[in-house]
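Data first, discussion second: the structure below is written as structure tokens.
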Amino acid sequence: MQNTLATIKSITNSKYLDIIGVVLVVGVSVYLEYYKTTYDFSFDGKNYSFYLGYFSILNTCLSMMATRLVTKKNNIGNLISTCNTLLSGSIDFLLGNIGAILTYPVSFFGNYFAFRIWKKKQYLNAIDGIFFRNMAIGLLLSLVLNYIAFTTFSDKAIDWKLFFAIAIPAGISFGGTFNIGRMYPDNWINWQVYNLFKIVQNVMLMNIANTAKYVFYMFNAILGYITWKDDKKMQN
């Protein structure tokens, strides 16, 4: 059993897994020609094309780097997540996630506070009432903000399928982000559920780079849970 845990920890902290994740995203995006995706818009009477595919792939690689560093308990991952949230929100908004204009600032500050907390201490906590409180607040906040966004920033009737496909994972993400600072090993189960929702959402938004990323994240979340759970036992 100890040998198995040692192997899992070795894989979790491996730099090769970082490389595999980036190669997976870039490889799938290139194979399916997602990098050619553009966002066409008009400004001052002229037509422009924004190379959305390239920026989305870059953003995905940065997000993956941040997640892998957090998995290794490296606080630089929280810093990258904080900065990368702005780019992620912009891309999601252009792809049709209207609620991004209100929800991503919440993720920005959540990641920032996690970064500040980890600078002072890194202590793995057992699941408690605060964990569930943060999850409930995150879900409620997401539903409210997305409803405001869908009814205020769009002149179309609410697409409820898209609304819940966006609002529910955003709520799970809020709760998970609020809990990063307390370093719950069980928070990785939360991220696993989030990953499943994000795969569905990104398939609907046709964001191939992110779809490949979240498939990889499902595997990473399993490793993170096992590793952090064992580290919690050793901490005690």
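The chains in the structure tokens are called A, B, ... from first to last as shown; in each chain the residues are counted from 1, and the ligands are counted from 1 in the order shown.
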
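Residues with any atom within 9 Å of Ile148 (chain A), counting only C-alpha atoms and excluding same-chain neighbours fewer than 5 positions away, are Gly99, Leu102, Leu143 and Phe153 of chain A.
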
Grab the residues selected above and save them as a compact mmCIF listing (two decimals), in the first residue's frame with N, CA, C and O atoms.
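This went into selection-v8.txt:
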# COMPACT_ATOMS: atom_id res chain seq x y z
N GLY A 99 -22.59 35.43 -18.56
CA GLY A 99 -22.39 35.63 -17.13
C GLY A 99 -20.95 35.85 -16.73
O GLY A 99 -20.68 36.25 -15.59
N LEU A 102 -19.70 39.00 -14.83
CA LEU A 102 -19.96 39.16 -13.40
C LEU A 102 -19.33 38.06 -12.55
O LEU A 102 -18.95 38.31 -11.40
N LEU A 143 -25.75 31.48 -9.17
CA LEU A 143 -27.11 31.52 -9.73
C LEU A 143 -27.62 32.96 -9.83
O LEU A 143 -28.20 33.35 -10.85
N PHE A 153 -27.65 41.68 -19.77
CA PHE A 153 -26.70 41.91 -20.85
C PHE A 153 -27.07 41.21 -22.15
O PHE A 153 -26.26 41.19 -23.09

Counting only C-alpha atoms, which residues in region 127-225 of chain A sit no more than 7 Å from region 3-24 of chain A? For each one, give the nearest pair of atoms and the distance in Å, sorted by chain then residue number, as CSV.
residue,atom,partner,partner_atom,distance
A:Ala212,CA,A:Leu24,CA,7.0
A:Phe216,CA,A:Gly21,CA,6.4
A:Leu223,CA,A:Thr12,CA,5.8
A:Gly224,CA,A:Thr12,CA,6.8

Worksheet item: Any idea what's packed within 12 Å of region 75-82 of chain A, counting only C-alpha atoms, ignoring anything in its chain fewer than 3 positions away? Could you give it as JSON, numbers by chain?
Response: {"A": [59, 60, 61, 62, 63, 64, 65, 66, 67, 68, 69, 70, 71, 72, 85, 86, 87, 88, 89, 104, 105, 106, 107, 108, 109, 110, 111, 112, 113, 114, 115, 116, 117, 118, 119, 120, 121, 122, 177, 180, 181, 183]}

Worksheet item: How many Å lie between CA of Thr103 (chain A) and CA of Ser56 (chain A), rounded to one decimal?
Response: 18.4 Å

Discussion item. Quick one: residues within 12 Å of Leu94 (chain A), only C-alpha atoms, excluding same-chain residues fewer than 5 positions away - as a list in words?
Written reply: Thr37, Thr38, Tyr39, Asp40, Phe41, Phe50, Tyr51, Leu52, Gly53, Phe55, Ser56, Leu87, Ser88, Gly89, Gly99, Ala100, Ile101, Leu205, Met206 and Asn207 of chain A

Those same residues - C-alpha atoms - I'd like them written as a PDB file, in the first residue's frame.
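Wrote it out as result29.pdb, contents follow:
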ATOM      1  CA  THR A  37     -11.116  29.773 -34.588  1.00  0.00           C
ATOM      2  CA  THR A  38     -11.662  33.534 -34.850  1.00  0.00           C
ATOM      3  CA  TYR A  39     -14.049  36.044 -33.323  1.00  0.00           C
ATOM      4  CA  ASP A  40     -15.260  38.473 -35.983  1.00  0.00           C
ATOM      5  CA  PHE A  41     -16.500  41.922 -34.980  1.00  0.00           C
ATOM      6  CA  PHE A  50      -9.628  38.232 -33.257  1.00  0.00           C
ATOM      7  CA  TYR A  51      -7.590  35.013 -33.219  1.00  0.00           C
ATOM      8  CA  LEU A  52      -9.601  33.456 -30.435  1.00  0.00           C
ATOM      9  CA  GLY A  53      -8.257  29.933 -30.959  1.00  0.00           C
ATOM     10  CA  PHE A  55      -5.441  32.897 -27.226  1.00  0.00           C
ATOM     11  CA  SER A  56      -7.687  30.145 -25.904  1.00  0.00           C
ATOM     12  CA  LEU A  87      -8.053  36.143 -19.758  1.00  0.00           C
ATOM     13  CA  SER A  88     -10.301  33.139 -19.103  1.00  0.00           C
ATOM     14  CA  GLY A  89     -13.298  35.376 -18.446  1.00  0.00           C
ATOM     15  CA  GLY A  99     -22.395  35.628 -17.134  1.00  0.00           C
ATOM     16  CA  ALA A 100     -18.594  35.746 -17.318  1.00  0.00           C
ATOM     17  CA  ILE A 101     -18.618  39.542 -16.959  1.00  0.00           C
ATOM     18  CA  LEU A 205     -19.493  26.381 -26.480  1.00  0.00           C
ATOM     19  CA  MET A 206     -17.275  24.461 -28.936  1.00  0.00           C
ATOM     20  CA  ASN A 207     -14.120  25.306 -26.963  1.00  0.00           C
TER      21      ASN A 207
END
